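Working notes for the structure below.
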Amino acid sequence: MAYWLVKSEPFKYSWDQLEKDKQTFWDGVRNYAARNHLKAMKKGDEVFFYHSNEGLEIVGIAKVAKEHYPDPTADDDTWVVVDLKPYKKLKKPVSLEQIKADKQLADMALVRLGRLSVQPVTDKEWDIVLEMAGEK
């Protein structure tokens with residue numbers, strides 16, 4: 001299993017909305033690196049859900065429910081979506097400030113590639129963030 005992080009501005013699509021919807025397709029990705037990460041996601045992979053622009057924190061864990069397929073909101077088949085379903089709301093959200101303060105997370109994509117909306121998370125990073133969230 002691989003780990004990932006997706007970003008969403010809460011006013012556009014929040015963790016609470018994902019829980020309400022029970023499942024959604026992750027659309028609107030128009031960056032090639034982010035698209036390639038969507039293509040690499042496998043059913044059952046776990047995904048940190050990060051609130052960007054406001055909140056700036058990881059708030060929950062989603063799971064990949066369906067692997068990539070063409071983005072229905074795109075004009076061509078270059079772009080893809082995956083289906084995500086909520087798995088677990090974190091006991092304590094983990095802020096970007098906390099992540100940046102932890103030297104062990106200095107190489108995390110969230111720190112290095114701040115604007116990338118879909119990114120991989122290493123096993124070690126995953127475990128550290130879960131510990132920070134009070135989940136371990």
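By order of appearance in the structure tokens: chains A, B, ..., then residues from 1 within every chain, and ligands from 1 in the order shown.
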Expected answer as a VMD selection string: strand (DSSP E or B) residues in chain A: chain A and resid 3 to 8 24 to 25 46 to 51 57 to 70 80 to 95 118 to 121
Grab the residues selected above and save them as a PDB file, in the first residue's frame with C-alpha atoms.
ATOM      1  CA  TYR A   3       0.340   6.753   1.048  1.00  0.00           C
ATOM      2  CA  TRP A   4      -0.684  10.074  -0.455  1.00  0.00           C
ATOM      3  CA  LEU A   5      -1.838  13.585   0.400  1.00  0.00           C
ATOM      4  CA  VAL A   6      -4.492  15.610  -1.414  1.00  0.00           C
ATOM      5  CA  LYS A   7      -5.247  19.270  -0.861  1.00  0.00           C
ATOM      6  CA  SER A   8      -8.553  21.052  -0.990  1.00  0.00           C
ATOM      7  CA  THR A  24     -16.373  11.605  -4.428  1.00  0.00           C
ATOM      8  CA  PHE A  25     -14.185  11.759  -7.502  1.00  0.00           C
ATOM      9  CA  GLU A  46      -4.646   5.770   2.216  1.00  0.00           C
ATOM     10  CA  VAL A  47      -4.674   9.511   1.620  1.00  0.00           C
ATOM     11  CA  PHE A  48      -4.192  12.422   3.993  1.00  0.00           C
ATOM     12  CA  PHE A  49      -6.854  15.089   3.417  1.00  0.00           C
ATOM     13  CA  TYR A  50      -5.276  18.530   3.773  1.00  0.00           C
ATOM     14  CA  HIS A  51      -7.203  21.796   4.063  1.00  0.00           C
ATOM     15  CA  GLU A  57      -3.790  21.308   8.305  1.00  0.00           C
ATOM     16  CA  ILE A  58      -4.228  17.600   7.704  1.00  0.00           C
ATOM     17  CA  VAL A  59      -7.692  16.815   9.028  1.00  0.00           C
ATOM     18  CA  GLY A  60      -8.518  13.278   7.938  1.00  0.00           C
ATOM     19  CA  ILE A  61      -7.649  10.097   6.103  1.00  0.00           C
ATOM     20  CA  ALA A  62      -9.448   8.991   2.960  1.00  0.00           C
ATOM     21  CA  LYS A  63      -9.057   5.774   1.009  1.00  0.00           C
ATOM     22  CA  VAL A  64      -8.861   5.289  -2.736  1.00  0.00           C
ATOM     23  CA  ALA A  65     -12.164   3.631  -3.656  1.00  0.00           C
ATOM     24  CA  LYS A  66     -11.616   3.504  -7.435  1.00  0.00           C
ATOM     25  CA  GLU A  67      -8.433   3.827  -9.462  1.00  0.00           C
ATOM     26  CA  HIS A  68      -7.934   6.494 -12.114  1.00  0.00           C
ATOM     27  CA  TYR A  69     -10.328   7.093 -14.982  1.00  0.00           C
ATOM     28  CA  PRO A  70     -10.915  10.090 -17.315  1.00  0.00           C
ATOM     29  CA  VAL A  80      -7.842  11.748 -14.677  1.00  0.00           C
ATOM     30  CA  VAL A  81      -9.678  11.400 -11.374  1.00  0.00           C
ATOM     31  CA  VAL A  82      -9.764   8.793  -8.620  1.00  0.00           C
ATOM     32  CA  ASP A  83     -12.646   8.092  -6.288  1.00  0.00           C
ATOM     33  CA  LEU A  84     -11.989   8.804  -2.615  1.00  0.00           C
ATOM     34  CA  LYS A  85     -14.059   7.835   0.398  1.00  0.00           C
ATOM     35  CA  PRO A  86     -13.607   9.065   3.969  1.00  0.00           C
ATOM     36  CA  TYR A  87     -11.908   6.625   6.298  1.00  0.00           C
ATOM     37  CA  LYS A  88     -11.163   8.490   9.503  1.00  0.00           C
ATOM     38  CA  LYS A  89     -11.190  12.019  10.895  1.00  0.00           C
ATOM     39  CA  LEU A  90      -7.959  12.680  12.790  1.00  0.00           C
ATOM     40  CA  LYS A  91      -8.234  13.027  16.573  1.00  0.00           C
ATOM     41  CA  LYS A  92      -6.118  16.178  16.343  1.00  0.00           C
ATOM     42  CA  PRO A  93      -5.532  18.000  13.029  1.00  0.00           C
ATOM     43  CA  VAL A  94      -1.847  18.364  12.174  1.00  0.00           C
ATOM     44  CA  SER A  95      -0.918  21.861  11.017  1.00  0.00           C
ATOM     45  CA  VAL A 118      -1.596  15.562  -5.027  1.00  0.00           C
ATOM     46  CA  GLN A 119       1.607  14.188  -3.567  1.00  0.00           C
ATOM     47  CA  PRO A 120       3.181  11.009  -2.235  1.00  0.00           C
ATOM     48  CA  VAL A 121       3.860  10.490   1.475  1.00  0.00           C
TER      49      VAL A 121
END
DSSP-assigned helix (DSSP H, G or I) among stretch 17-132 of chain A, expressed as a ChimeraX atom specification: /A:17-21,32-40,96-101,103-105,109-112,123-132
Include C-alpha atoms and write out the residues we just selected as a tab-separated table (two decimals), in the first residue's frame.
chain	number	residue	atom	x	y	z
A	17	GLN	CA	-18.38	17.50	2.82
A	18	LEU	CA	-16.49	14.30	1.94
A	19	GLU	CA	-17.93	12.63	5.06
A	20	LYS	CA	-21.41	13.82	4.09
A	21	ASP	CA	-21.02	12.65	0.47
A	32	TYR	CA	1.16	16.83	-14.80
A	33	ALA	CA	3.02	15.72	-11.66
A	34	ALA	CA	-0.22	15.68	-9.63
A	35	ARG	CA	-1.95	13.78	-12.45
A	36	ASN	CA	0.81	11.17	-12.47
A	37	HIS	CA	0.34	10.71	-8.73
A	38	LEU	CA	-3.40	10.14	-9.29
A	39	LYS	CA	-2.51	7.52	-11.92
A	40	ALA	CA	-0.21	5.76	-9.43
A	96	LEU	CA	1.59	22.83	8.37
A	97	GLU	CA	3.39	24.77	11.10
A	98	GLN	CA	3.80	21.58	13.16
A	99	ILE	CA	5.02	19.65	10.11
A	100	LYS	CA	7.56	22.34	9.21
A	101	ALA	CA	8.81	22.40	12.82
A	103	LYS	CA	13.11	18.14	11.28
A	104	GLN	CA	12.17	14.55	10.39
A	105	LEU	CA	9.59	15.95	7.94
A	109	ALA	CA	6.55	16.97	-0.34
A	110	LEU	CA	4.12	19.19	1.61
A	111	VAL	CA	7.13	21.19	2.80
A	112	ARG	CA	9.26	21.05	-0.37
A	123	ASP	CA	5.84	5.38	5.24
A	124	LYS	CA	8.02	7.21	7.77
A	125	GLU	CA	6.26	10.57	7.13
A	126	TRP	CA	2.88	8.84	7.43
A	127	ASP	CA	3.78	7.36	10.81
A	128	ILE	CA	5.17	10.64	12.16
A	129	VAL	CA	2.05	12.59	11.14
A	130	LEU	CA	-0.22	9.93	12.67
A	131	GLU	CA	1.74	10.18	15.91
A	132	MET	CA	1.37	13.98	15.87
Spatial neighbours of A:Met1, max dist 10 Å, only C-alpha atoms, sep filter under 3 positions, as a list in words: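 The residues satisfying every condition are Met41, Lys42, Lys43, Gly44, Asp45, Glu46 and Asp123 of chain A.
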Between atom CA of A:Ala74 and atom CA of A:Gly28, distance in Å (one decimal): 7.6 Å
Straight-line distance linking atom CA of A:Pro72 with atom CA of A:Leu56, stated in Å to one decimal: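 Distance reported for this atom pair: 28.1 Å.
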Å distance separating atom CA of A:Asp16 from atom CA of A:Ser117, one decimal place: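 Computing it gives 18.7 Å between the two atoms.
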Which of A:Asp107, A:Asp102, A:Asp27, A:Glu54 sits closest to A:Trp79 [using only C-alpha atoms]: A:Asp27
Which of A:Thr78, A:Lys136, A:Thr122, A:Arg115 sits closest to A:Asn53 [using only C-alpha atoms]: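 Of A:Thr78, A:Lys136, A:Thr122, A:Arg115, the one nearest A:Asn53, counting only C-alpha atoms, is A:Arg115.
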